[in-house]
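*Asks:* Could you have a look at this structure, given as structure tokens, before my questions?
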Amino acid sequence: MPSPHLPLSRRRFLLASAGAAAALGLAAVPARAAGGPRPFGRYGSPARRLTPATLYVHPYGRGDFTSVQAAVTAATGSGRTLVLAPGTYRETVAVDVSRTETTWIGASEDPRDVVIVYDHAAGTPKPGGGTYGTTGSATTTVQADGFTARWITFANDWLRADHPDISGTQAVAIKVQGDRSAFLHCRFLGHQDTLYADSTALGTFARQYYAHCYVEGDVDFVFGRATAVYEHCHFRTLNRTDLAGAPYGFVFAPSTAVANPRGYLVVRSRVSSEAPDAFYKLARPWVPGSDHTARPMLTVRDTWLGPGIDAAAPYTDMSATYPWQNQRFAEYRNAGPGAVITVPADRPQLTDTEAGLHTPAAYLGDWHPHSHPHRSL
């Protein structure tokens, strides 16, 4: 790990996150992006398009566009595919509601090679006045339904140590609001509020699916009101040198609408940590000012919880007005040192019958992301 006495620069954050450059593999990106006879791998090229609706992005001009946002702007309508060559794309990207059924593919099929990153925080001043706020801090924002991403890293490398004058430290890597949004073999890197799994409106129940993904952060780094399934995912809590003691943060902060029968489901996943043992809470409920009726929901099942999770008290309140005991938190058949039950009342467990209602199929309904039409590409 880097010395705790040296503040991380933004570039060093990308190399040091999760403990080592080898774990992220970002150091090799520029070399891989610059060379090679087939920067788009098995996904064609501008001269030999995979389909007429496919566009190619290459940071050094070997594609249709050099930036992801330029390709998104050109990809109007529905059913477009973007193939991204290896490289670091330092930009903000927004996919509006009109660009439905879009697929983004990391051409190398290794998410460490394709990185979309920027460094806005909630408290970052905006040109013309004001600050970005949590939503505005997002590097990537996806509002369209039917969005799929594979083998891509979404990151926000804003660091508290670089900006001691800013108190709004939320820095979102991606905000996802569309229904039927799937992320397969992707990575989400940040510190506070890394992955914002949300919906476009309070009464809209957006279904999202994250499979074989890696997510890291410290404070509420998976949060929002979506109906979201995280299957075979790895959540990693980061170390902190700016705090004297526990807790360093919270993995999940759902804000599920009271009318929504399904919030976050974590299944067959794992939670690890680079922080001291028991310095992280598994979750706390977020009841936002825009929805005081929210009743956050989180089910964690068949998942390995490492020693970084406080097993004796894995849940806590974000506000005393909305105690976590009044929300919809539950576990089922978890394992690992962070899953040890010492006070049963502090770790609500599902019965076998109840667990049958908390499966990916039950949460996703008539949507089957594994049979998404773009998965055969």
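Labeling convention for the structure tokens: chains A, B, ... as they appear, residues from 1 per chain, ligands from 1 in order of appearance.
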List the spatial neighbours of Gly356 in chain A as number ranges by chain - criterion: any atom at most 12 Å away, only C-alpha atoms, same-chain residues fewer than 6 positions off excluded.

*Replies:* A: 301, 332, 350, 362-363

*Asks:* Okay, now the selection with N, CA, C and O atoms, as a PDB file, in the first residue's frame?

*Replies:*
ATOM      1  N   ARG A 301     -27.551 -12.523   0.910  1.00  0.00           N
ATOM      2  CA  ARG A 301     -27.701 -13.959   1.114  1.00  0.00           C
ATOM      3  C   ARG A 301     -26.587 -14.736   0.412  1.00  0.00           C
ATOM      4  O   ARG A 301     -26.050 -14.315  -0.616  1.00  0.00           O
ATOM      5  N   TYR A 332     -29.365 -14.178   4.874  1.00  0.00           N
ATOM      6  CA  TYR A 332     -29.691 -15.604   4.768  1.00  0.00           C
ATOM      7  C   TYR A 332     -28.443 -16.385   4.379  1.00  0.00           C
ATOM      8  O   TYR A 332     -27.827 -16.129   3.340  1.00  0.00           O
ATOM      9  N   LEU A 350     -33.685 -14.445   7.269  1.00  0.00           N
ATOM     10  CA  LEU A 350     -34.845 -14.976   6.575  1.00  0.00           C
ATOM     11  C   LEU A 350     -35.042 -16.442   6.918  1.00  0.00           C
ATOM     12  O   LEU A 350     -34.082 -17.174   7.147  1.00  0.00           O
ATOM     13  N   ALA A 362     -37.071 -13.570  -8.868  1.00  0.00           N
ATOM     14  CA  ALA A 362     -38.194 -12.882  -8.236  1.00  0.00           C
ATOM     15  C   ALA A 362     -38.038 -11.377  -8.344  1.00  0.00           C
ATOM     16  O   ALA A 362     -39.027 -10.652  -8.516  1.00  0.00           O
ATOM     17  N   TYR A 363     -36.813 -10.885  -8.234  1.00  0.00           N
ATOM     18  CA  TYR A 363     -36.576  -9.439  -8.289  1.00  0.00           C
ATOM     19  C   TYR A 363     -36.670  -8.891  -9.717  1.00  0.00           C
ATOM     20  O   TYR A 363     -37.108  -7.757  -9.921  1.00  0.00           O
TER      21      TYR A 363
END

*Asks:* Mind listing the alpha helix (DSSP H) residues of range 172-373 of chain A, per DSSP on the backbone, as a PDB file with N, CA, C and O atoms, in the first residue's frame?

*Replies:*
ATOM      1  N   ASP A 352     -36.331 -20.215   5.529  1.00  0.00           N
ATOM      2  CA  ASP A 352     -36.187 -20.865   4.225  1.00  0.00           C
ATOM      3  C   ASP A 352     -37.327 -20.470   3.292  1.00  0.00           C
ATOM      4  O   ASP A 352     -37.108 -20.246   2.095  1.00  0.00           O
ATOM      5  N   THR A 353     -38.513 -20.383   3.834  1.00  0.00           N
ATOM      6  CA  THR A 353     -39.661 -19.991   3.011  1.00  0.00           C
ATOM      7  C   THR A 353     -39.515 -18.559   2.514  1.00  0.00           C
ATOM      8  O   THR A 353     -39.745 -18.266   1.327  1.00  0.00           O
ATOM      9  N   GLU A 354     -39.121 -17.656   3.395  1.00  0.00           N
ATOM     10  CA  GLU A 354     -38.933 -16.260   2.993  1.00  0.00           C
ATOM     11  C   GLU A 354     -37.824 -16.129   1.965  1.00  0.00           C
ATOM     12  O   GLU A 354     -37.918 -15.318   1.031  1.00  0.00           O
ATOM     13  N   ALA A 355     -36.780 -16.912   2.108  1.00  0.00           N
ATOM     14  CA  ALA A 355     -35.658 -16.829   1.176  1.00  0.00           C
ATOM     15  C   ALA A 355     -36.084 -17.162  -0.251  1.00  0.00           C
ATOM     16  O   ALA A 355     -35.504 -16.650  -1.217  1.00  0.00           O
ATOM     17  N   PRO A 360     -32.815 -13.744  -7.650  1.00  0.00           N
ATOM     18  CA  PRO A 360     -32.733 -12.868  -8.828  1.00  0.00           C
ATOM     19  C   PRO A 360     -33.971 -12.921  -9.709  1.00  0.00           C
ATOM     20  O   PRO A 360     -34.457 -11.887 -10.179  1.00  0.00           O
ATOM     21  N   ALA A 361     -34.516 -14.111  -9.920  1.00  0.00           N
ATOM     22  CA  ALA A 361     -35.698 -14.233 -10.774  1.00  0.00           C
ATOM     23  C   ALA A 361     -36.891 -13.491 -10.195  1.00  0.00           C
ATOM     24  O   ALA A 361     -37.654 -12.834 -10.918  1.00  0.00           O
ATOM     25  N   ALA A 362     -37.071 -13.570  -8.868  1.00  0.00           N
ATOM     26  CA  ALA A 362     -38.194 -12.882  -8.236  1.00  0.00           C
ATOM     27  C   ALA A 362     -38.038 -11.377  -8.344  1.00  0.00           C
ATOM     28  O   ALA A 362     -39.027 -10.652  -8.516  1.00  0.00           O
ATOM     29  N   TYR A 363     -36.813 -10.885  -8.234  1.00  0.00           N
ATOM     30  CA  TYR A 363     -36.576  -9.439  -8.289  1.00  0.00           C
ATOM     31  C   TYR A 363     -36.670  -8.891  -9.717  1.00  0.00           C
ATOM     32  O   TYR A 363     -37.108  -7.757  -9.921  1.00  0.00           O
ATOM     33  N   LEU A 364     -36.238  -9.677 -10.703  1.00  0.00           N
ATOM     34  CA  LEU A 364     -36.176  -9.176 -12.078  1.00  0.00           C
ATOM     35  C   LEU A 364     -37.432  -9.465 -12.886  1.00  0.00           C
ATOM     36  O   LEU A 364     -37.633  -8.876 -13.947  1.00  0.00           O
TER      37      LEU A 364
END

*Asks:* Which one of A:Thr76, A:Ser45, A:Ser290, A:Gln69 sits closest to Arg99 in chain A if you count only C-alpha atoms?

*Replies:* A:Thr76

*Asks:* Among range 39-129 of chain A, which residues carry a DSSP assignment of strand (DSSP E), reported as a list in words?

*Replies:*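 Across range 39-129 of chain A, those assigned strand (DSSP E) are Thr54, Leu55, Tyr56, Val57, Thr81, Leu82, Val83, Leu84, Gly87, Thr88, Tyr89, Arg90, Val93, Ala94, Val95, Thr103, Trp104, Ile105, Gly106, Val114, Val115, Ile116, Val117 and Tyr118 of chain A.
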
*Asks:* Go through A:Lys281, A:Arg268, A:Arg42, A:Arg160 and flag the residue nearest Glu109 in chain A, using only C-alpha atoms for the distances.

*Replies:*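 Answer, going by the shortest atom-to-atom distance: A:Arg42.
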
*Asks:* So which residues touch Asp64 in chain A within 7 Å, counting only C-alpha atoms, skipping near sequence neighbours fewer than 3 positions away, as a list of chain:residue names?

*Replies:*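 Contacts, in chain order: A:Pro46, A:Leu55, A:Tyr56, A:Val57.
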
*Asks:* Now that the selection is made, can you save its residues with all heavy atoms as an mmCIF file, in the first residue's frame?

*Replies:*
data_model
loop_
_atom_site.group_PDB
_atom_site.id
_atom_site.type_symbol
_atom_site.label_atom_id
_atom_site.label_comp_id
_atom_site.auth_asym_id
_atom_site.auth_seq_id
_atom_site.Cartn_x
_atom_site.Cartn_y
_atom_site.Cartn_z
ATOM 1 N N PRO A 46 -14.219 0.058 -37.918
ATOM 2 C CA PRO A 46 -15.005 0.941 -38.793
ATOM 3 C C PRO A 46 -15.067 0.454 -40.237
ATOM 4 O O PRO A 46 -16.031 0.731 -40.951
ATOM 5 C CB PRO A 46 -14.262 2.280 -38.675
ATOM 6 C CG PRO A 46 -13.651 2.248 -37.312
ATOM 7 C CD PRO A 46 -13.235 0.810 -37.128
ATOM 8 N N LEU A 55 -20.843 1.444 -33.478
ATOM 9 C CA LEU A 55 -19.874 2.533 -33.581
ATOM 10 C C LEU A 55 -18.633 2.170 -32.770
ATOM 11 O O LEU A 55 -18.717 1.451 -31.771
ATOM 12 C CB LEU A 55 -20.470 3.839 -33.061
ATOM 13 C CG LEU A 55 -21.668 4.404 -33.824
ATOM 14 C CD1 LEU A 55 -22.221 5.632 -33.112
ATOM 15 C CD2 LEU A 55 -21.281 4.739 -35.267
ATOM 16 N N TYR A 56 -17.487 2.709 -33.192
ATOM 17 C CA TYR A 56 -16.213 2.354 -32.583
ATOM 18 C C TYR A 56 -15.542 3.583 -31.984
ATOM 19 O O TYR A 56 -15.484 4.642 -32.618
ATOM 20 C CB TYR A 56 -15.305 1.700 -33.628
ATOM 21 C CG TYR A 56 -15.873 0.383 -34.124
ATOM 22 C CD1 TYR A 56 -16.778 0.349 -35.189
ATOM 23 C CD2 TYR A 56 -15.552 -0.813 -33.494
ATOM 24 C CE1 TYR A 56 -17.325 -0.842 -35.623
ATOM 25 C CE2 TYR A 56 -16.102 -2.016 -33.925
ATOM 26 C CZ TYR A 56 -16.992 -2.028 -34.983
ATOM 27 O OH TYR A 56 -17.547 -3.208 -35.393
ATOM 28 N N VAL A 57 -15.031 3.390 -30.751
ATOM 29 C CA VAL A 57 -14.385 4.489 -30.033
ATOM 30 C C VAL A 57 -12.939 4.089 -29.759
ATOM 31 O O VAL A 57 -12.671 3.014 -29.206
ATOM 32 C CB VAL A 57 -15.105 4.788 -28.701
ATOM 33 C CG1 VAL A 57 -14.513 6.024 -28.041
ATOM 34 C CG2 VAL A 57 -16.607 4.974 -28.935
#

*Asks:* What is the CA of Tyr264 in chain A-CA of Phe252 in chain A distance in Å, reported with one decimal?

*Replies:*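 Distance between the two atoms: 8.8 Å.
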
*Asks:* Per residue of range 192-302 of chain A within 9 Å of range 312-331 of chain A, which atom pair is closest and at what distance in Å (one decimal), using only C-alpha atoms, listed by chain and increasing number, as CSV?

*Replies:*
residue,atom,partner,partner_atom,distance
A:Phe250,CA,A:Tyr315,CA,8.6
A:Ala253,CA,A:Met318,CA,8.8
A:Gly263,CA,A:Arg328,CA,8.7
A:Ala278,CA,A:Ala312,CA,8.6
A:Tyr280,CA,A:Pro314,CA,7.8
A:Lys281,CA,A:Pro314,CA,4.7
A:Leu282,CA,A:Pro314,CA,5.1
A:Ala283,CA,A:Tyr315,CA,5.2
A:Arg284,CA,A:Thr316,CA,5.2
A:Pro285,CA,A:Trp324,CA,6.0
A:Trp286,CA,A:Met318,CA,6.3
A:Val287,CA,A:Tyr322,CA,7.3
A:Ala294,CA,A:Gln327,CA,8.9
A:Arg295,CA,A:Gln327,CA,5.4
A:Pro296,CA,A:Gln327,CA,5.6
A:Met297,CA,A:Arg328,CA,4.4
A:Leu298,CA,A:Phe329,CA,4.9
A:Thr299,CA,A:Ala330,CA,4.9
A:Val300,CA,A:Glu331,CA,4.8
A:Arg301,CA,A:Glu331,CA,5.4
A:Asp302,CA,A:Glu331,CA,8.4

*Asks:* Got time to write the residues from that selection, N, CA, C and O atoms, as a PDB file, in the first residue's frame?

*Replies:*
ATOM      1  N   PHE A 250     -19.698   2.524   5.121  1.00  0.00           N
ATOM      2  CA  PHE A 250     -20.858   1.646   4.994  1.00  0.00           C
ATOM      3  C   PHE A 250     -20.909   1.157   3.550  1.00  0.00           C
ATOM      4  O   PHE A 250     -20.784   1.945   2.611  1.00  0.00           O
ATOM      5  N   ALA A 253     -26.329   1.597   1.095  1.00  0.00           N
ATOM      6  CA  ALA A 253     -27.255   2.598   1.637  1.00  0.00           C
ATOM      7  C   ALA A 253     -28.468   2.679   0.707  1.00  0.00           C
ATOM      8  O   ALA A 253     -28.615   3.630  -0.066  1.00  0.00           O
ATOM      9  N   GLY A 263     -35.947  -4.232  -3.136  1.00  0.00           N
ATOM     10  CA  GLY A 263     -34.874  -3.250  -3.159  1.00  0.00           C
ATOM     11  C   GLY A 263     -33.590  -3.854  -3.677  1.00  0.00           C
ATOM     12  O   GLY A 263     -33.514  -4.299  -4.818  1.00  0.00           O
ATOM     13  N   ALA A 278     -13.446  -5.096  11.408  1.00  0.00           N
ATOM     14  CA  ALA A 278     -14.658  -4.537  12.030  1.00  0.00           C
ATOM     15  C   ALA A 278     -14.774  -3.033  11.904  1.00  0.00           C
ATOM     16  O   ALA A 278     -15.549  -2.412  12.629  1.00  0.00           O
ATOM     17  N   TYR A 280     -15.970  -1.467   9.264  1.00  0.00           N
ATOM     18  CA  TYR A 280     -17.040  -1.105   8.337  1.00  0.00           C
ATOM     19  C   TYR A 280     -18.364  -1.728   8.761  1.00  0.00           C
ATOM     20  O   TYR A 280     -18.409  -2.860   9.260  1.00  0.00           O
ATOM     21  N   LYS A 281     -19.449  -0.991   8.521  1.00  0.00           N
ATOM     22  CA  LYS A 281     -20.803  -1.510   8.658  1.00  0.00           C
ATOM     23  C   LYS A 281     -21.242  -2.069   7.303  1.00  0.00           C
ATOM     24  O   LYS A 281     -20.842  -1.569   6.248  1.00  0.00           O
ATOM     25  N   LEU A 282     -22.081  -3.077   7.365  1.00  0.00           N
ATOM     26  CA  LEU A 282     -22.588  -3.634   6.122  1.00  0.00           C
ATOM     27  C   LEU A 282     -23.547  -2.670   5.432  1.00  0.00           C
ATOM     28  O   LEU A 282     -23.528  -2.540   4.202  1.00  0.00           O
ATOM     29  N   ALA A 283     -24.381  -1.974   6.215  1.00  0.00           N
ATOM     30  CA  ALA A 283     -25.370  -1.096   5.594  1.00  0.00           C
ATOM     31  C   ALA A 283     -25.946  -0.107   6.595  1.00  0.00           C
ATOM     32  O   ALA A 283     -25.886  -0.317   7.817  1.00  0.00           O
ATOM     33  N   ARG A 284     -26.522   0.945   6.044  1.00  0.00           N
ATOM     34  CA  ARG A 284     -27.373   1.851   6.801  1.00  0.00           C
ATOM     35  C   ARG A 284     -28.476   2.339   5.860  1.00  0.00           C
ATOM     36  O   ARG A 284     -28.263   2.467   4.644  1.00  0.00           O
ATOM     37  N   PRO A 285     -29.672   2.591   6.364  1.00  0.00           N
ATOM     38  CA  PRO A 285     -30.773   3.008   5.498  1.00  0.00           C
ATOM     39  C   PRO A 285     -30.687   4.487   5.158  1.00  0.00           C
ATOM     40  O   PRO A 285     -30.417   5.323   6.023  1.00  0.00           O
ATOM     41  N   TRP A 286     -30.939   4.790   3.887  1.00  0.00           N
ATOM     42  CA  TRP A 286     -30.973   6.182   3.446  1.00  0.00           C
ATOM     43  C   TRP A 286     -32.430   6.566   3.167  1.00  0.00           C
ATOM     44  O   TRP A 286     -33.066   6.015   2.279  1.00  0.00           O
ATOM     45  N   VAL A 287     -32.934   7.485   3.960  1.00  0.00           N
ATOM     46  CA  VAL A 287     -34.260   8.066   3.716  1.00  0.00           C
ATOM     47  C   VAL A 287     -34.011   9.498   3.254  1.00  0.00           C
ATOM     48  O   VAL A 287     -33.788  10.401   4.067  1.00  0.00           O
ATOM     49  N   ALA A 294     -39.667   6.713   2.308  1.00  0.00           N
ATOM     50  CA  ALA A 294     -38.854   5.582   1.860  1.00  0.00           C
ATOM     51  C   ALA A 294     -38.697   4.539   2.969  1.00  0.00           C
ATOM     52  O   ALA A 294     -38.622   4.881   4.162  1.00  0.00           O
ATOM     53  N   ARG A 295     -38.644   3.284   2.566  1.00  0.00           N
ATOM     54  CA  ARG A 295     -38.406   2.200   3.518  1.00  0.00           C
ATOM     55  C   ARG A 295     -37.324   1.294   2.925  1.00  0.00           C
ATOM     56  O   ARG A 295     -37.600   0.310   2.247  1.00  0.00           O
ATOM     57  N   PRO A 296     -36.084   1.662   3.140  1.00  0.00           N
ATOM     58  CA  PRO A 296     -34.963   0.978   2.496  1.00  0.00           C
ATOM     59  C   PRO A 296     -34.984  -0.531   2.685  1.00  0.00           C
ATOM     60  O   PRO A 296     -35.334  -1.040   3.755  1.00  0.00           O
ATOM     61  N   MET A 297     -34.570  -1.223   1.606  1.00  0.00           N
ATOM     62  CA  MET A 297     -34.618  -2.682   1.602  1.00  0.00           C
ATOM     63  C   MET A 297     -33.305  -3.261   1.092  1.00  0.00           C
ATOM     64  O   MET A 297     -32.820  -2.881   0.023  1.00  0.00           O
ATOM     65  N   LEU A 298     -32.748  -4.181   1.858  1.00  0.00           N
ATOM     66  CA  LEU A 298     -31.515  -4.867   1.486  1.00  0.00           C
ATOM     67  C   LEU A 298     -31.567  -6.303   1.983  1.00  0.00           C
ATOM     68  O   LEU A 298     -31.819  -6.542   3.169  1.00  0.00           O
ATOM     69  N   THR A 299     -31.329  -7.239   1.081  1.00  0.00           N
ATOM     70  CA  THR A 299     -31.180  -8.638   1.458  1.00  0.00           C
ATOM     71  C   THR A 299     -29.806  -9.116   1.002  1.00  0.00           C
ATOM     72  O   THR A 299     -29.465  -8.978  -0.183  1.00  0.00           O
ATOM     73  N   VAL A 300     -29.032  -9.654   1.929  1.00  0.00           N
ATOM     74  CA  VAL A 300     -27.722 -10.215   1.611  1.00  0.00           C
ATOM     75  C   VAL A 300     -27.771 -11.705   1.922  1.00  0.00           C
ATOM     76  O   VAL A 300     -28.018 -12.089   3.068  1.00  0.00           O
ATOM     77  N   ARG A 301     -27.551 -12.523   0.910  1.00  0.00           N
ATOM     78  CA  ARG A 301     -27.701 -13.959   1.114  1.00  0.00           C
ATOM     79  C   ARG A 301     -26.587 -14.736   0.412  1.00  0.00           C
ATOM     80  O   ARG A 301     -26.050 -14.315  -0.616  1.00  0.00           O
ATOM     81  N   ASP A 302     -26.250 -15.886   0.998  1.00  0.00           N
ATOM     82  CA  ASP A 302     -25.274 -16.797   0.401  1.00  0.00           C
ATOM     83  C   ASP A 302     -23.993 -16.065   0.013  1.00  0.00           C
ATOM     84  O   ASP A 302     -23.408 -16.306  -1.051  1.00  0.00           O
TER      85      ASP A 302
END

*Asks:* Between A:Thr134, A:Ser108, A:Thr141, A:Thr66, which residue has the minimum interatomic distance to Asp96 in chain A, considering only C-alpha atoms?

*Replies:* A:Thr141

*Asks:* From the set A:Thr303, A:Pro261, A:Arg180, A:Leu189, which residue has the shortest atom-to-atom contact distance to Asp366 in chain A, counting only C-alpha atoms?

*Replies:*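 Closest to Asp366 in chain A, using only C-alpha atoms: A:Arg180.
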
*Asks:* Can you tell me, as a tab-separated table (two decimals) with N, CA and C atoms, in the first residue's frame, what residues are no more than 12 Å from Gly79 in chain A when counting only C-alpha atoms, ignoring any on the same chain fewer than 5 positions away?

*Replies:*
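Result file follows (out-v7.tsv):
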chain	number	residue	atom	x	y	z
A	51	THR	N	-22.19	-4.70	-36.93
A	51	THR	CA	-23.52	-4.48	-37.46
A	51	THR	C	-23.57	-3.03	-37.96
A	52	PRO	N	-24.54	-2.68	-38.78
A	52	PRO	CA	-24.64	-1.28	-39.21
A	52	PRO	C	-24.87	-0.31	-38.05
A	53	ALA	N	-25.39	-0.81	-36.93
A	53	ALA	CA	-25.69	0.04	-35.78
A	53	ALA	C	-24.52	0.13	-34.79
A	54	THR	N	-23.35	-0.39	-35.17
A	54	THR	CA	-22.19	-0.41	-34.27
A	54	THR	C	-21.27	0.77	-34.56
A	55	LEU	N	-20.84	1.44	-33.48
A	55	LEU	CA	-19.87	2.53	-33.58
A	55	LEU	C	-18.63	2.17	-32.77
A	72	VAL	N	-21.85	8.50	-28.06
A	72	VAL	CA	-23.21	8.47	-27.51
A	72	VAL	C	-24.08	9.50	-28.22
A	98	SER	N	-33.77	8.70	-24.39
A	98	SER	CA	-34.15	8.35	-25.76
A	98	SER	C	-33.26	7.27	-26.36
A	99	ARG	N	-32.09	7.04	-25.78
A	99	ARG	CA	-31.12	6.10	-26.37
A	99	ARG	C	-31.29	4.72	-25.72
A	100	THR	N	-32.38	4.07	-26.04
A	100	THR	CA	-32.72	2.80	-25.39
A	100	THR	C	-32.00	1.62	-26.05
A	101	GLU	N	-31.95	0.52	-25.29
A	101	GLU	CA	-31.39	-0.76	-25.78
A	101	GLU	C	-29.97	-0.57	-26.32
A	102	THR	N	-29.18	0.20	-25.61
A	102	THR	CA	-27.79	0.45	-26.01
A	102	THR	C	-26.86	-0.53	-25.32
A	103	THR	N	-25.82	-0.96	-26.03
A	103	THR	CA	-24.80	-1.83	-25.46
A	103	THR	C	-23.43	-1.21	-25.61
A	104	TRP	N	-22.66	-1.21	-24.53
A	104	TRP	CA	-21.25	-0.79	-24.56
A	104	TRP	C	-20.39	-2.02	-24.31
A	144	ALA	N	-31.39	5.78	-19.85
A	144	ALA	CA	-32.15	5.00	-20.83
A	144	ALA	C	-32.42	3.59	-20.34
A	145	ASP	N	-33.57	3.04	-20.74
A	145	ASP	CA	-33.90	1.65	-20.46
A	145	ASP	C	-33.11	0.73	-21.39
A	146	GLY	N	-32.88	-0.50	-20.91
A	146	GLY	CA	-32.26	-1.50	-21.76
A	146	GLY	C	-30.78	-1.31	-22.00
A	147	PHE	N	-30.09	-0.69	-21.08
A	147	PHE	CA	-28.65	-0.45	-21.24
A	147	PHE	C	-27.85	-1.65	-20.75
A	148	THR	N	-26.84	-2.04	-21.51
A	148	THR	CA	-25.94	-3.11	-21.11
A	148	THR	C	-24.50	-2.67	-21.28
A	372	HIS	N	-30.28	-11.38	-22.90
A	372	HIS	CA	-30.33	-10.09	-23.60
A	372	HIS	C	-29.82	-10.29	-25.02
A	373	PRO	N	-30.50	-9.70	-26.04
A	373	PRO	CA	-30.12	-9.97	-27.43
A	373	PRO	C	-28.68	-9.61	-27.76
A	374	HIS	N	-28.09	-8.65	-27.05
A	374	HIS	CA	-26.73	-8.25	-27.37
A	374	HIS	C	-25.69	-9.19	-26.80

*Asks:* Mind pulling up the distance from CA of Ala197 in chain A to CA of Ser137 in chain A?

*Replies:*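 CA of Ser137 in chain A sits 14.3 Å away from CA of Ala197 in chain A.
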
*Asks:* Of the residues A:Ala206, A:Val215, A:Leu195, A:Leu50, which is the one nearest to Asp179 in chain A, using only C-alpha atoms?

*Replies:* A:Ala206
